[in-house]
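K.L.:
The structure follows.
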Amino acid sequence: MPLYGDELLTAVFANFRKDAKFKTTEGTLVSIFYELLQQPEYSSLAQEYPFDKDGIDPRSKALSDAFDSLQQSRLIGRLNPDLVVYSINEALMLRYKKYIAPKIGDQESLIKQLAQQVESKLPTAS
């Protein structure tokens, strides 16, 4: 079953280590997802998240909108004035378990694998 809107980011962030905090910019996050979603094993997850490859860095309106949505709904929190350190709130985990995990079904291990790869590419906040 395809994931839409902020569902992919929610699923990935929900599978980060407990109390994970990460330092990033939207552009860096999109670049990480671009790199990973190009891998054949993630093609089923990438269906609803197209990328515009014109310009210096790849862009994805779908992922940018999803990241904004999670921030505005406070499912991920910004921890500093520079808006580059983020924490994952418990509400994101609850949303994932109730609404998104049932959609993922047999792709749960794929989501966990993607989450580990994304998390490993994001600098942790100290």
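Note on naming: chains are A, B, ... as they come in the structure tokens, residues start from 1 per chain, ligands start from 1 in the order shown.
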Could you tell me, as a PDB file with N, CA and C atoms, in the first residue's frame, which residues of segment 51-101 of chain A DSSP assigns to strand (DSSP E or B) when given the backbone?

P.N.:
```
ATOM      1  N   ASP A  52      12.614  16.595  -8.122  1.00  0.00           N
ATOM      2  CA  ASP A  52      13.003  17.481  -9.213  1.00  0.00           C
ATOM      3  C   ASP A  52      14.524  17.549  -9.157  1.00  0.00           C
ATOM      4  N   ARG A  59      15.228  18.281  -5.241  1.00  0.00           N
ATOM      5  CA  ARG A  59      14.149  18.834  -4.419  1.00  0.00           C
ATOM      6  C   ARG A  59      12.959  17.900  -4.508  1.00  0.00           C
ATOM      7  N   ILE A  76       7.348  16.637  15.328  1.00  0.00           N
ATOM      8  CA  ILE A  76       8.785  16.783  15.554  1.00  0.00           C
ATOM      9  C   ILE A  76       8.975  18.206  16.050  1.00  0.00           C
ATOM     10  N   GLY A  77       9.884  18.381  16.975  1.00  0.00           N
ATOM     11  CA  GLY A  77      10.076  19.691  17.574  1.00  0.00           C
ATOM     12  C   GLY A  77      11.419  20.286  17.222  1.00  0.00           C
ATOM     13  N   ARG A  78      11.440  21.588  17.006  1.00  0.00           N
ATOM     14  CA  ARG A  78      12.683  22.322  16.769  1.00  0.00           C
ATOM     15  C   ARG A  78      13.232  22.742  18.127  1.00  0.00           C
ATOM     16  N   VAL A  85      18.048  21.682  14.872  1.00  0.00           N
ATOM     17  CA  VAL A  85      18.052  20.522  15.760  1.00  0.00           C
ATOM     18  C   VAL A  85      16.606  20.124  16.016  1.00  0.00           C
ATOM     19  N   TYR A  86      16.305  18.865  15.773  1.00  0.00           N
ATOM     20  CA  TYR A  86      14.931  18.380  15.871  1.00  0.00           C
ATOM     21  C   TYR A  86      14.847  17.216  16.837  1.00  0.00           C
ATOM     22  N   SER A  87      13.722  17.108  17.513  1.00  0.00           N
ATOM     23  CA  SER A  87      13.444  15.953  18.358  1.00  0.00           C
ATOM     24  C   SER A  87      12.131  15.340  17.889  1.00  0.00           C
ATOM     25  N   ILE A  88      11.986  14.055  18.148  1.00  0.00           N
ATOM     26  CA  ILE A  88      10.786  13.333  17.744  1.00  0.00           C
ATOM     27  C   ILE A  88       9.886  13.215  18.964  1.00  0.00           C
TER      28      ILE A  88
END
```

K.L.:
Got a sec to tell me which of chain A DSSP assigns to alpha helix (DSSP H), as a PyMOL selection string?

P.N.:
chain A and resi 7-14+26-37+43-46+61-72+90-95+101-104+108-121

K.L.:
Near segment 95-101 of chain A, within 7 Å and counting only C-alpha atoms, which residues show up once chain neighbours fewer than 6 positions away are dropped, as a PyMOL selection string?

P.N.:
chain A and resi 7+10-11+14

K.L.:
Could you state the separation of atom CA of Lys23 of chain A and atom CA of Leu122 of chain A in Å, given to one decimal place?

P.N.:
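Interatomic distance, atom CA of Lys23 of chain A to atom CA of Leu122 of chain A: 6.5 Å.
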
K.L.:
Quick one: pull the distance between atom CA of Arg17 of chain A and atom CA of Lys61 of chain A, Å, one decimal.

P.N.:
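Atom-to-atom, atom CA of Arg17 of chain A to atom CA of Lys61 of chain A, that is 26.6 Å.
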
K.L.:
Which residues are near Lys103 of chain A? Cut-off 9 Å, only C-alpha atoms, ignore same chain within fewer than 4 positions. Put them as a PyMOL selection string.

P.N.:
chain A and resi 1-3+99+107

K.L.:
Export N, CA and C atoms of the chosen residues as a PDB file, in the first residue's frame?

P.N.:
```
ATOM      1  N   MET A   1       0.845  -1.175   0.000  1.00  0.00           N
ATOM      2  CA  MET A   1       0.000   0.000   0.000  1.00  0.00           C
ATOM      3  C   MET A   1       0.897   1.247   0.000  1.00  0.00           C
ATOM      4  N   PRO A   2       0.690   2.197  -0.901  1.00  0.00           N
ATOM      5  CA  PRO A   2       1.551   3.380  -0.957  1.00  0.00           C
ATOM      6  C   PRO A   2       1.346   4.302   0.249  1.00  0.00           C
ATOM      7  N   LEU A   3       2.393   5.039   0.579  1.00  0.00           N
ATOM      8  CA  LEU A   3       2.337   6.037   1.642  1.00  0.00           C
ATOM      9  C   LEU A   3       2.225   7.414   0.991  1.00  0.00           C
ATOM     10  N   TYR A  99      -2.120   4.799  12.832  1.00  0.00           N
ATOM     11  CA  TYR A  99      -2.585   5.054  11.473  1.00  0.00           C
ATOM     12  C   TYR A  99      -1.680   4.545  10.356  1.00  0.00           C
ATOM     13  N   GLN A 107       5.908  -4.370   4.686  1.00  0.00           N
ATOM     14  CA  GLN A 107       7.047  -3.496   4.393  1.00  0.00           C
ATOM     15  C   GLN A 107       7.685  -2.928   5.664  1.00  0.00           C
TER      16      GLN A 107
END
```

K.L.:
One number please: atom CA of Ala115 of chain A to atom CA of Leu94 of chain A, in Å, one decimal.

P.N.:
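Computing the Euclidean distance for atom CA of Ala115 of chain A and atom CA of Leu94 of chain A yields 16.9 Å.
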
K.L.:
Can you tell me, as a PyMOL selection string, what residues are no more than 9 Å from segment 110-112 of chain A when counting only C-alpha atoms, ignoring any on the same chain fewer than 4 positions away?

P.N.:
chain A and resi 8+11-12+15-16+41-42+45+104+106+116-117

K.L.:
Please write the residues from the selection above to a file, keeping N, CA and C atoms, as a short mmCIF file (atom, residue, chain, number, x, y, z; two decimals), in the first residue's frame.

P.N.:
```
data_model
loop_
_atom_site.label_atom_id
_atom_site.label_comp_id
_atom_site.auth_asym_id
_atom_site.auth_seq_id
_atom_site.Cartn_x
_atom_site.Cartn_y
_atom_site.Cartn_z
N LEU A 8 5.49 8.72 5.04
CA LEU A 8 6.81 8.13 4.92
C LEU A 8 7.75 8.69 5.98
N ALA A 11 6.78 7.34 9.39
CA ALA A 11 7.21 5.95 9.56
C ALA A 11 8.72 5.87 9.80
N VAL A 12 9.49 6.64 9.07
CA VAL A 12 10.95 6.61 9.24
C VAL A 12 11.33 7.16 10.60
N ASN A 15 10.79 5.05 13.62
CA ASN A 15 11.71 3.92 13.76
C ASN A 15 13.14 4.34 14.08
N PHE A 16 13.34 5.62 14.40
CA PHE A 16 14.63 6.07 14.91
C PHE A 16 14.78 5.55 16.34
N GLU A 41 15.65 -1.38 -3.68
CA GLU A 41 14.86 -1.99 -2.60
C GLU A 41 13.82 -1.03 -2.01
N TYR A 42 14.01 0.28 -2.22
CA TYR A 42 13.06 1.25 -1.69
C TYR A 42 12.10 1.80 -2.74
N LEU A 45 8.52 2.34 -1.75
CA LEU A 45 8.27 3.43 -0.80
C LEU A 45 8.35 4.79 -1.48
N ILE A 104 1.50 -0.22 6.41
CA ILE A 104 2.81 -0.69 5.96
C ILE A 104 2.84 -2.20 5.79
N ASP A 106 3.63 -5.75 5.32
CA ASP A 106 4.84 -6.54 5.10
C ASP A 106 6.06 -5.69 4.75
N GLN A 116 17.04 3.28 9.69
CA GLN A 116 18.42 3.13 10.18
C GLN A 116 19.40 3.86 9.27
N GLN A 117 19.18 3.76 7.96
CA GLN A 117 20.08 4.42 7.02
C GLN A 117 19.94 5.94 7.09
#
```

K.L.:
Using only C-alpha atoms, which residues sit within 8 Å of Leu75 of chain A once same-chain residues fewer than 5 positions away are excluded, as a PyMOL selection string?

P.N.:
chain A and resi 70+88-92

K.L.:
Emit the selected residues as a PDB file, in the first residue's frame, including C-alpha atoms.

P.N.:
```pdb
ATOM      1  CA  LEU A  70       5.334  17.345  10.977  1.00  0.00           C
ATOM      2  CA  ILE A  88      10.786  13.333  17.744  1.00  0.00           C
ATOM      3  CA  ASN A  89       7.753  13.707  19.984  1.00  0.00           C
ATOM      4  CA  GLU A  90       5.821  10.824  21.523  1.00  0.00           C
ATOM      5  CA  ALA A  91       2.731  11.911  19.566  1.00  0.00           C
ATOM      6  CA  LEU A  92       4.536  10.967  16.336  1.00  0.00           C
TER       7      LEU A  92
END
```
